[in-house]
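S.K.: Here's a structure for you.
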Amino acid sequence: MANSPHGGVLKDLYIRDEPIQAQLQTEAETLPYVTLTERQLCDLELILNGGFSPLEGFLTEAEYTSVVETLRLPDGTLWAIPIYLDIARAELDKLNVSAGSRLTLRDPRDDRPLAILTVSDLYQPDRAIEAAKVYGANDQAHPAVHYLFHNTRDTFVGGKLQAVNAPQHYDYVAIRRTPSEVRALFKKLNWTRVVAFQTRNPMHRAHRELTVRAARMRHANVLIQPVVGLTKPGDIDHFTRVRVYQAIMPKYPNGMAQLSLLPLAMRMGGPREAVWHAIIRKNFGATHFIVGRDHAGPGKNSQGQDFYGPYEAQDLVLKYKDELDIEVVPFQMLTYLPDTDEYMPINEVPEGTKTLNISGTELRRRLKTGAPIPEWFSYPEVVRILREANPPRDKQGFTVFLTGLHASGKEAIARALQVALNQEGGRSVSLLLGETIRQELSSELGFTKRERDINVARIGFVASELTRAGAGCIAAPIAPYDEARQLVRQQVSKAGGFYLVHVATPLEFCIKNDQTGVYQRAIDGEIKGFTGINDVYEAPENADLVADVSKTSISQIVHEIILLLERDGYIGDR
């Protein structure tokens with residue numbers, strides 16, 4: 001028999017509101033609406049399907065304050081993470097929203113109405129208190145605290161929800177199950193004791209061993225329930241991870257385990273998040289929940305220390321075990337013993353026994369460089385999937401971004417570099433010259449700072465897409481402002497390599513080298529806002545290479561860029 005829901009009743013609003021669904025659908029089209037963010041979409045889905053039982057809406061101010069301060073709803077029910085709907089006050093005023101208003105919540109992907117919110121109250125949170133109480137510190141090195149201060153809007157809106165439509169998913173539909181569907185599956189399979197396992201990372205042999213050990217210890221079956229909503233920035237994408245989970249499922253004994261995806265937006269809240277995860281798994285019917293080392297930990301704080309202790313999450317969940325009514329299965333990190341070819345909790349390893357382990361950092365290094373990943377660590381099927389998603393450097397894309405004054409020689413360097421890379425072979429190489437982009441993508445833009453930033457942002461977008469596709473991209477705009485260049489670096493670096501080359505040719509040489517006469521026209525006052533004459537050029541402080549064509553030949557500069565690419569493995573045969 002599945003575990004009872006948190007609070008005693010599964011708040012499945014889809015089932016509750018199904019008799020009036022047509023009426024709600026019609027009303028939703030007539031109401032003012034807001035479009036949800038990605039995190040709000042994840043939260044809404046789990047409120048509507050009962051995953052967040054006993055919640056039936058977004059927290060009111062009284063509920064929010066109670067959860068932040070006491071880990072409880074006002075009625076005393078344990079609840080660890082505040083779930084709120086943040087909307088800009090300007091947008092609320094425009095929509096004339098106040099207590100008692102009804103508001104349609106729309107899907108940001110396809111604009112479908114998903115729910116109707118009856119507004120109870122509007123309130124402004126104290127972000128510093130939430131950061132300190134919920135996440136342990138007002139430190140923006142914590143991803144949830146950074147999100148709180150930089151992404152949440154200024155006003156929180158509390159109120160009850162009515163379900164209109166479920167969010168439409170097109171990926172892995174067969175294994176996206178609501179709590180009601182998971183409970184029905186347990187009943188069909190005659191599962192009465194179920195250990196739930198949460199993960200946001202790919203699974204390897206140690207994870208399979210951990211979950212099997214838990215099942216063996218508790219005489220239970222296993223629910224693998226990975227998060228496919230928002231996780232920690234920089235995590236492997238969920239498409240890759242789900243392919244890994246699907247590859248690892250046949251490694252379990254037949255009938256032992258099931259895979260079901262969870263559209264959760266994680267906060268990386270450590271101890272509080274572990275309590276929250278236990279509540280969610282209870283709502284899905286699990287009777288046991290694995291809490292491992294540093295559960296939902298975000299990593300290092302701004303002082304370089306771990307935000308939470310390695311077993312702080314286990315301690316907090318165990319503190320509330322009677323109220324949670326789901327048995328916690330605490331686990332230490334598993335390590336591999338090569339002499340006996342087995343995995344063992346690190347605290348059970350006899351002193352002096354040889355052990356092996358591969359950290360996440362080391363695994364990423366091996367994936368990037370193509371170094372071997374041993375079978376004792378992971379399954380060949382899993383490694384193959386990870387290598388497809390993380391090709392070695394010589395198969396990855398990169399962008400070389402040349403910035404400098406007009407007539408500094410950056411265009412000549414760019415063309416010569418393209419020739420050199422085409423000669424090298426192995427990938428297509430695209431050239432994004434400043435004038436070409438101005439003509440083809442930004443012909444409507446002028447030369448104000450805002451318009452220049454927009455132009456550079458467009459170059460960054462194109463460069464990032466080319467880089468993501470595994471191509472080489474050479475961009476050569478003036479790009480006079482440092483902030484715009486930094487945004488391009490951030491965007492492209494998510495897709496592959498990025499190299500900023502400052503072509504620091506002196507202004508006097510640029511003027512002398514100018515064949516178009518525009519410098520003279522700017523000096524004469526015919527052109528306003530011309531970079532280097534009557535508009536600023538902010539020299540980069542973090543360039544990967546600084547070049548000056550008045551002192552160094554084009555071929556030498558190209559060679560130095562080639563050496564940078566070879567150093568990092570993007571070209572050359574290692």
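By order in the structure tokens, chains are A, B, ...; within a chain, residues start at 1; ligands start at 1, following the order shown.
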Name the residues of stretch 322-562 of chain A that come out as strand (DSSP E or B) in a backbone DSSP run; write them as a PyMOL selection string.
M.R.: chain A and resi 327-330+334-337+342-345+356+398-404+429-433+472-476+497-503+531+535+545-547
S.K.: Quick one: everything within 9 Å of A:Arg241, counting only C-alpha atoms, minus sequence neighbours fewer than 4 positions away in the same chain. Send it as a ChimeraX atom specification.
M.R.: /A:200-203,226,228,236-237,245-246,385-386
S.K.: Just checking: using only C-alpha atoms, which residue out of A:Arg102, A:Arg468, A:Lys368, A:Lys319 ends up closest to A:Phe498?
M.R.: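 Selected residue with least distance to A:Phe498: A:Arg468.
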S.K.: To one decimal place in Å, what is the distance between atom CA of A:Leu78 and atom CA of A:Met266?
M.R.: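 Taking atom CA of A:Leu78 and atom CA of A:Met266, their separation equals 18.4 Å.
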S.K.: Counting only C-alpha atoms, figure out which residue out of A:Leu223, A:Leu259, A:Val9, A:Ile248 gets nearest to A:Gly51.
M.R.: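 Nearest candidate to A:Gly51 out of A:Leu223, A:Leu259, A:Val9, A:Ile248: A:Val9.
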S.K.: Residues within 10 Å of A:Gly404, please, as a ChimeraX atom specification. Count only C-alpha atoms; anything in the same chain fewer than 3 positions from it doesn't count.
M.R.: /A:407-411,476-480,501-507,510,531-532,537-540,547-548
S.K.: Taking 6 positions as the minimum chain separation for residues in the same chain, which residues sit within 9 Å of A:Phe307 when counting only C-alpha atoms? Answer as a VMD selection string.
M.R.: chain A and resid 135 to 137 142 270 297 to 301
S.K.: Restricting the calculation to only C-alpha atoms: of A:Val134, A:Thr355, A:Gly7, A:Gln140, which residue gets closest to A:Asp75?
M.R.: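 The answer is A:Gly7, which sits nearest to A:Asp75.
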S.K.: Would you mind listing what lies within 10 Å of A:Glu375 as a PDB file with N, CA and C atoms, in the first residue's frame, with only C-alpha atoms counted and same-chain residues fewer than 6 positions away left out?
M.R.:
```pdb
ATOM      1  N   HIS A 204      25.793   6.266 -12.042  1.00  0.00           N
ATOM      2  CA  HIS A 204      26.878   5.345 -12.380  1.00  0.00           C
ATOM      3  C   HIS A 204      26.754   4.098 -11.505  1.00  0.00           C
ATOM      4  N   ARG A 205      27.753   3.258 -11.505  1.00  0.00           N
ATOM      5  CA  ARG A 205      27.671   1.998 -10.769  1.00  0.00           C
ATOM      6  C   ARG A 205      27.430   2.223  -9.275  1.00  0.00           C
ATOM      7  N   VAL A 383      28.684   5.675 -20.366  1.00  0.00           N
ATOM      8  CA  VAL A 383      29.830   6.445 -20.847  1.00  0.00           C
ATOM      9  C   VAL A 383      29.611   6.875 -22.295  1.00  0.00           C
TER      10      VAL A 383
END
```
S.K.: Tell me, in Å to one decimal, how far atom CA of A:Gly255 is from atom CA of A:Leu189.
M.R.: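 A separation of 8.6 Å between them.
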S.K.: Between atom CA of A:Ala420 and atom CA of A:Ser555, measure the distance and give it in Å to one decimal.
M.R.: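 Going from atom CA of A:Ala420 over to atom CA of A:Ser555, I get 9.5 Å.
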S.K.: Determine the nearest neighbour of A:Ser66 from the options A:Asp315, A:Glu38, A:Glu130, A:Glu27, counting only C-alpha atoms.
M.R.: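 Closest candidate: A:Glu130.
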S.K.: Find the spatial neighbours of A:Gly572, counting only C-alpha atoms, within a cut-off of 9 Å - ignore same-chain residues fewer than 6 positions away - and output them as a ChimeraX atom specification.
M.R.: /A:394,424,565-566
S.K.: Just checking: using only C-alpha atoms, which residue out of A:Asn390, A:Tyr336, A:Ala62, A:Tyr308 ends up closest to A:Leu363?
M.R.: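 When distances to A:Leu363 are compared using only C-alpha atoms, the smallest one comes from A:Asn390.
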S.K.: Compare A:Glu541, A:Glu273, A:Glu465, A:Glu508 by their minimum atom-to-atom distance to A:Asp482, counting only C-alpha atoms, and give me the closest one.
M.R.: A:Glu541
S.K.: Identify, on the basis of only C-alpha atoms, every residue whose closest approach to A:Leu316 does not exceed 8 Å; exclude the query and any residue fewer than 3 positions from it along the same chain; express the result as a CSV table (one decimal) with C-alpha atoms, in the first residue's frame.
M.R.:
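Okay, this is what ended up in result28.csv:
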```
chain,number,residue,atom,x,y,z
A,271,PRO,CA,18.8,20.5,4.9
A,272,ARG,CA,15.5,22.3,4.2
A,274,ALA,CA,15.9,17.4,2.0
A,275,VAL,CA,12.8,17.8,4.2
A,312,GLU,CA,23.4,18.2,7.9
A,313,ALA,CA,20.5,17.3,5.6
A,319,LYS,CA,14.7,15.3,13.4
A,320,TYR,CA,11.3,15.5,11.7
```
